[in-house]
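Novice: Next comes run34.csv, CSV, C-alpha atoms and all ligand atoms:
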```
chain,number,residue,atom,x,y,z
F,1,MET,CA,-19.6,-19.1,24.3
F,2,ALA,CA,-16.2,-20.7,24.5
F,3,LEU,CA,-15.0,-18.9,21.4
F,4,ASN,CA,-16.2,-15.6,22.7
F,5,GLY,CA,-14.2,-16.0,25.9
F,6,PHE,CA,-11.2,-16.9,23.8
F,7,LEU,CA,-11.4,-13.8,21.6
F,8,GLU,CA,-12.0,-11.6,24.7
F,9,PHE,CA,-8.9,-13.0,26.2
F,10,PHE,CA,-6.9,-12.1,23.1
F,11,GLN,CA,-8.3,-8.6,23.0
F,12,LYS,CA,-6.8,-8.0,26.4
F,13,GLY,CA,-3.5,-7.7,24.6
F,14,LYS,CA,-2.1,-11.1,25.1
F,15,THR,CA,-0.6,-11.2,21.6
F,16,PHE,CA,3.1,-10.8,21.9
F,17,ARG,CA,3.9,-9.6,18.5
F,18,PRO,CA,2.1,-7.6,15.8
F,19,LYS,CA,0.2,-9.3,13.1
F,20,LYS,CA,1.3,-8.9,9.6
F,21,PRO,CA,-1.8,-7.6,7.8
F,22,PHE,CA,-2.6,-8.0,4.1
F,23,ALA,CA,-2.8,-4.7,2.3
F,24,SER,CA,-6.4,-4.1,1.4
F,25,GLY,CA,-7.1,-4.1,-2.3
F,26,THR,CA,-4.5,-6.8,-3.1
F,27,ILE,CA,-5.2,-10.3,-4.3
F,28,ARG,CA,-3.8,-11.7,-1.1
F,29,TYR,CA,-6.2,-9.5,0.9
F,30,SER,CA,-9.2,-10.8,-1.0
F,31,LEU,CA,-7.9,-14.4,-0.7
F,32,HIS,CA,-7.5,-13.9,3.0
F,33,LYS,CA,-11.0,-12.6,3.3
F,34,GLN,CA,-12.3,-15.4,1.2
F,35,ALA,CA,-10.6,-18.0,3.4
F,36,GLN,CA,-11.9,-16.3,6.5
F,37,ALA,CA,-15.4,-16.2,5.2
F,38,SER,CA,-15.5,-19.9,4.3
F,39,LEU,CA,-14.3,-20.7,7.8
F,40,GLN,CA,-17.1,-18.7,9.5
F,41,SER,CA,-19.8,-20.5,7.5
F,42,GLY,CA,-18.6,-23.7,9.2
F,43,ILE,CA,-18.3,-25.7,6.0
F,44,ASN,CA,-16.1,-28.8,5.5
F,45,LEU,CA,-12.5,-27.8,6.3
F,46,ARG,CA,-11.0,-30.5,4.1
F,47,GLN,CA,-12.7,-28.8,1.1
F,48,VAL,CA,-12.0,-25.3,2.2
F,49,VAL,CA,-8.3,-25.6,1.9
F,50,ARG,CA,-8.3,-26.5,-1.8
F,51,LEU,CA,-6.8,-24.1,-4.2
F,52,PRO,CA,-9.7,-22.1,-5.7
F,53,GLN,CA,-10.0,-22.4,-9.4
F,54,GLY,CA,-7.9,-19.8,-11.3
F,55,GLU,CA,-5.9,-18.8,-8.2
F,56,ASN,CA,-2.1,-18.8,-8.0
F,57,LEU,CA,-0.8,-21.6,-5.7
F,58,ASN,CA,2.0,-19.4,-4.2
F,59,ASP,CA,-0.5,-16.7,-3.3
F,60,TRP,CA,-2.7,-19.3,-1.7
F,61,LEU,CA,0.3,-20.7,0.2
F,62,ALA,CA,1.4,-17.2,1.3
F,63,VAL,CA,-2.0,-16.3,2.6
F,64,HIS,CA,-2.2,-19.4,4.7
F,65,VAL,CA,1.3,-19.4,6.0
F,66,VAL,CA,0.8,-15.8,7.3
F,67,ASP,CA,-2.7,-16.6,8.7
F,68,PHE,CA,-1.4,-19.8,10.5
F,69,PHE,CA,1.6,-17.9,11.8
F,70,ASN,CA,-0.8,-15.3,13.3
F,71,ARG,CA,-3.2,-17.8,14.8
F,72,ILE,CA,-0.6,-20.2,16.2
F,73,ASN,CA,1.2,-17.2,17.7
F,74,LEU,CA,-2.0,-16.2,19.5
F,75,ILE,CA,-2.6,-19.7,20.7
F,76,TYR,CA,0.9,-19.9,22.2
F,77,GLY,CA,0.4,-16.4,23.6
F,78,THR,CA,-2.4,-17.8,25.8
F,79,VAL,CA,-0.1,-20.4,27.4
F,80,ALA,CA,3.2,-18.4,27.3
F,81,GLU,CA,3.1,-17.4,30.9
F,82,TYR,CA,2.9,-21.1,31.9
F,83,CYS,CA,5.8,-22.1,29.6
F,84,ASN,CA,9.1,-21.2,31.1
F,85,GLU,CA,12.6,-22.6,32.0
F,86,THR,CA,11.2,-24.4,35.0
F,87,THR,CA,8.0,-25.9,33.6
F,88,CYS,CA,9.4,-26.7,30.2
F,89,PRO,CA,13.2,-27.0,30.3
F,90,THR,CA,13.2,-28.6,26.8
F,91,MET,CA,11.2,-28.2,23.6
F,92,SER,CA,9.4,-31.5,24.0
F,93,GLY,CA,6.2,-33.2,23.0
F,94,GLY,CA,5.9,-35.7,25.8
F,95,SER,CA,8.8,-38.0,26.7
F,96,ARG,CA,9.2,-39.4,23.2
F,97,TYR,CA,9.9,-36.2,21.3
F,98,GLU,CA,12.4,-33.4,21.8
F,99,TYR,CA,13.2,-30.7,19.2
F,100,LEU,CA,16.6,-29.1,18.9
F,101,TRP,CA,17.1,-25.6,17.5
F,102,ALA,CA,19.4,-24.8,14.6
F,103,ASP,CA,19.3,-21.8,12.4
F,104,GLY,CA,22.7,-21.8,10.6
F,105,ASP,CA,23.5,-18.5,12.3
F,106,LEU,CA,23.5,-18.2,16.1
F,107,TYR,CA,22.9,-21.9,16.5
F,108,LYS,CA,25.0,-23.7,13.9
F,109,LYS,CA,24.6,-27.1,15.5
F,110,PRO,CA,21.2,-28.5,16.7
F,111,THR,CA,21.0,-27.2,20.3
F,112,ALA,CA,18.7,-28.1,23.2
F,113,LEU,CA,16.7,-25.0,24.4
F,114,SER,CA,13.9,-24.5,26.7
F,115,ALA,CA,10.5,-24.6,25.0
F,116,GLN,CA,10.1,-20.8,25.6
F,117,LYS,CA,13.5,-20.0,24.0
F,118,TYR,CA,12.9,-22.4,21.1
F,119,ILE,CA,9.5,-21.0,20.3
F,120,GLU,CA,10.8,-17.4,20.6
F,121,HIS,CA,13.5,-18.3,18.0
F,122,LEU,CA,11.0,-20.1,15.9
F,123,MET,CA,8.6,-17.2,15.8
F,124,ASP,CA,11.3,-14.6,15.2
F,125,TRP,CA,12.7,-16.7,12.3
F,126,ILE,CA,9.2,-17.1,10.7
F,127,GLU,CA,8.5,-13.4,11.2
F,128,SER,CA,11.8,-12.5,9.5
F,129,GLN,CA,10.8,-14.7,6.5
F,130,ILE,CA,7.4,-13.2,6.3
F,131,ASN,CA,8.7,-9.7,6.5
F,132,ASN,CA,11.4,-10.4,3.8
F,133,GLU,CA,9.9,-9.0,0.6
F,134,ALA,CA,12.2,-11.1,-1.5
F,135,VAL,CA,10.5,-14.2,0.1
F,136,PHE,CA,6.9,-12.8,0.6
F,137,PRO,CA,6.6,-10.2,-2.1
F,138,VAL,CA,4.1,-7.4,-1.2
F,139,SER,CA,3.4,-6.6,-4.8
F,140,THR,CA,2.1,-9.0,-7.4
F,141,ASP,CA,4.6,-7.5,-9.9
F,142,VAL,CA,7.4,-9.1,-7.8
F,143,PRO,CA,7.6,-12.9,-8.4
F,144,PHE,CA,7.8,-15.4,-5.6
F,145,PRO,CA,11.3,-16.9,-5.2
F,146,LYS,CA,11.8,-20.4,-6.8
F,147,ASN,CA,12.2,-22.0,-3.4
F,148,PHE,CA,9.0,-20.4,-2.0
F,149,SER,CA,7.3,-23.8,-1.6
F,150,ALA,CA,10.3,-25.2,0.3
F,151,ILE,CA,10.4,-22.2,2.6
F,152,SER,CA,6.7,-22.5,3.3
F,153,ARG,CA,7.2,-26.2,4.1
F,154,LYS,CA,9.8,-25.3,6.6
F,155,ILE,CA,7.7,-22.6,8.2
F,156,LEU,CA,4.7,-24.9,8.5
F,157,THR,CA,6.8,-27.8,9.8
F,158,ARG,CA,8.2,-25.5,12.6
F,159,LEU,CA,4.7,-24.1,13.4
F,160,PHE,CA,3.4,-27.7,13.8
F,161,ARG,CA,6.0,-28.2,16.6
F,162,VAL,CA,4.2,-25.4,18.5
F,163,PHE,CA,1.0,-27.3,18.2
F,164,VAL,CA,2.8,-30.4,19.5
F,165,HIS,CA,4.2,-28.6,22.5
F,166,VAL,CA,0.9,-26.8,23.3
F,167,TYR,CA,-1.3,-29.9,22.9
F,168,ILE,CA,0.9,-32.2,24.9
F,169,HIS,CA,2.1,-29.8,27.7
F,170,HIS,CA,-0.4,-27.0,28.0
F,171,PHE,CA,-3.7,-28.3,27.0
F,172,ASP,CA,-5.1,-27.9,30.5
F,173,ARG,CA,-4.6,-24.1,30.2
F,174,ILE,CA,-6.4,-24.1,26.8
F,175,VAL,CA,-9.3,-25.9,28.4
F,176,SER,CA,-9.4,-23.6,31.4
F,177,ILE,CA,-9.9,-20.5,29.2
F,178,GLY,CA,-12.5,-22.3,27.2
F,179,ALA,CA,-10.5,-22.2,24.0
F,180,GLU,CA,-10.4,-26.0,23.3
F,181,ALA,CA,-12.9,-25.8,20.4
F,182,HIS,CA,-11.1,-22.9,18.8
F,183,VAL,CA,-7.7,-24.5,19.1
F,184,ASN,CA,-9.0,-27.7,17.7
F,185,ALA,CA,-10.6,-25.9,14.8
F,186,CYS,CA,-7.4,-24.1,14.0
F,187,TYR,CA,-5.5,-27.4,14.2
F,188,LYS,CA,-7.9,-29.1,11.8
F,189,HIS,CA,-7.7,-26.3,9.3
F,190,PHE,CA,-3.9,-26.4,9.5
F,191,TYR,CA,-3.8,-30.2,9.2
F,192,TYR,CA,-6.1,-30.3,6.2
F,193,PHE,CA,-4.0,-27.6,4.6
F,194,VAL,CA,-0.7,-29.3,5.0
F,195,GLN,CA,-2.1,-32.6,3.9
F,196,GLU,CA,-3.7,-31.0,0.8
F,197,PHE,CA,-0.4,-29.6,-0.4
F,198,GLU,CA,1.9,-32.2,1.2
F,199,MET,CA,3.7,-29.6,3.3
F,200,ILE,CA,4.8,-31.7,6.3
F,201,SER,CA,6.3,-35.2,6.3
F,202,ALA,CA,4.5,-38.0,8.0
F,203,LYS,CA,7.3,-38.4,10.4
F,204,GLU,CA,6.9,-34.8,11.7
F,205,LEU,CA,3.2,-35.3,12.1
F,206,GLU,CA,3.6,-38.4,14.2
F,207,PRO,CA,3.5,-36.9,17.7
F,208,LEU,CA,-0.1,-35.8,17.2
F,209,GLN,CA,-1.2,-38.7,15.1
F,210,GLU,CA,-3.6,-40.2,17.6
F,211,MET,CA,-5.4,-36.9,18.3
F,212,THR,CA,-5.4,-36.1,14.6
F,213,SER,CA,-7.2,-39.3,13.7
F,214,ARG,CA,-9.7,-38.5,16.4
F,215,ILE,CA,-10.6,-34.9,15.5
F,216,CYS,CA,-9.9,-34.7,11.7
F,217,LYS,CA,-12.8,-36.5,10.3
F,218,ASP,CA,-14.3,-34.2,7.7
F,219,LYS,CA,-15.3,-36.2,4.6
F,220,ASP,CA,-13.5,-35.8,1.4
H,301,ZN,ZN,5.9,-25.2,27.6
```
Would you give me this structure, written as structure tokens?
Specialist:
Amino acid sequence: MALNGFLEFFQKGKTFRPKKPFASGTIRYSLHKQAQASLQSGINLRQVVRLPQGENLNDWLAVHVVDFFNRINLIYGTVAEYCNETTCPTMSGGSRYEYLWADGDLYKKPTALSAQKYIEHLMDWIESQINNEAVFPVSTDVPFPKNFSAISRKILTRLFRVFVHVYIHHFDRIVSIGAEAHVNACYKHFYYFVQEFEMISAKELEPLQEMTSRICKDKD
């Protein structure tokens, strides 16, 4: 029931940017479908994230980075109207954590932004990486760049900060639309994935450590 309400909510056009689809007939499309199918059957998420035998690690990373980007984007979309300069003047996770934005371009030095602005820059930056065919090649004839894993790490680390902000500052909204179970499932999937491939440092994971130990209990 809760999940249905959540999906309906999304279908009302709450997404604020287009999803990047995987072209049907490609390896990444079938990996994406495979990953989706194993989620629906409700099996152990800690095991689901493992690289399937014979698959290429970069393809597996790429599929998950794009999927998590889309899903976390949707989650933020559901709280976005409650996240503005007044409610969230800083990109915080409670009183102990505040993130500063730097992109080496417009913001050369780490700069304090409202959560809304920060997340807008963060999503734009990730989208530009995903749409850059030199980073996320669309054809399997084109190799992944040598730093693909480092870029994926950075993307996932930044996406994690959206979870931090949403969980700590907007969870009441998530609960009120009945999306709690869905968001927790997405978080668990994300967490097991980044742990499996060591994509996010322990220090970055700290703000949600307590909640993580409560909800991420799938057996090895
Ligand atoms: Zn906010």
Novice: Scan for residues within 9 Å of the point (0.4, -30.1, 6.9) in the coordinates of the file, using all atoms listed in the file, and reply as a list in words.
Specialist: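 Residues with an atom close enough to that point: Arg153, Leu156, Thr157, Phe160, Phe190, Tyr191, Tyr192, Phe193, Val194, Gln195, Glu196, Phe197, Glu198, Met199, Ile200, Ser201, Ala202 and Leu205 of chain F.
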Novice: Tell me, counting all atoms listed in the file, for each residue of chain F within 6 Å of ligand ZN 301 (chain H), which pair of atoms is nearest and how far apart they are in Å to one decimal, in rows ordered by chain and increasing number, as JSON lines.
Specialist:
```
{"residue": "F:Cys83", "atom": "CA", "partner": "H:ZN301", "partner_atom": "ZN", "distance": 3.7}
{"residue": "F:Cys88", "atom": "CA", "partner": "H:ZN301", "partner_atom": "ZN", "distance": 4.6}
{"residue": "F:Ala115", "atom": "CA", "partner": "H:ZN301", "partner_atom": "ZN", "distance": 5.3}
{"residue": "F:His169", "atom": "CA", "partner": "H:ZN301", "partner_atom": "ZN", "distance": 6.0}
```
Novice: When you count all atoms listed in the file, which of these residues is closest to F:Ile174: F:Leu113, F:Ile75, F:Ile126, F:Leu100?
Specialist: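 Under the stated criterion, the closest residue is F:Ile75.
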Novice: Using only C-alpha atoms, which of F:Lys117, F:His170, F:Lys203, F:His32 sits nearest F:Gly93?
Specialist: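 Using only C-alpha atoms, F:Gly93 sits closest to F:His170.
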Novice: Using atom CA of F:Ile155 and atom CA of F:His189 as the two end points, give the distance in Å to one decimal.
Specialist: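 Interatomic distance here is 15.9 Å.
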Novice: For the atom pair atom CA of F:His182 and atom CA of F:Met123, what is the interatomic distance in Å to one decimal place?
Specialist: 20.7 Å
Novice: What is the atom CA of F:Asn58 to atom CA of F:Lys219 distance in Å?
Specialist: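 One can read the atom CA of F:Asn58 to atom CA of F:Lys219 distance as 25.7 Å.
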Novice: Pick out the residues sitting within 8 Å of F:Val162, and hand them over as number ranges by chain; count only C-alpha atoms, and ignore anything fewer than 6 positions along from it in its own chain.
Specialist: F: 72, 76, 119
Novice: Around (9.2, -14.8, -3.7) in the file's frame, which residues reach within 9 Å when counting all atoms listed in the file? Return as a list in words?
Specialist: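 Taken together, the residues in range are Asn58, Asn132, Glu133, Ala134, Val135, Phe136, Pro137, Val142, Pro143, Phe144, Pro145, Lys146, Asn147 and Phe148 of chain F.
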Novice: Looking at all atoms listed in the file, which of F:Ser30, F:Asn84, F:Val175, F:Phe163 is the one that sits closest to F:Tyr187?
Specialist: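 Smallest distance to F:Tyr187 is found for F:Phe163.
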Novice: Compare F:Tyr107, F:Arg50, F:Asn184, F:Pro89 by their minimum atom-to-atom distance to F:Arg71, counting all atoms listed in the file, and give me the closest one.
Specialist: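 Closest candidate: F:Asn184.
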Novice: Taking only C-alpha atoms into account, name the residue in F:Arg214, F:Lys188, F:His165, F:Arg173 that is nearest to F:Arg96.
Specialist: F:His165
Novice: From the set F:Met91, F:Val49, F:Ala112, F:Leu159, which residue has the shortest atom-to-atom contact distance to F:Phe68, counting all atoms listed in the file?
Specialist: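 For F:Phe68, the nearest of the candidates is F:Leu159.
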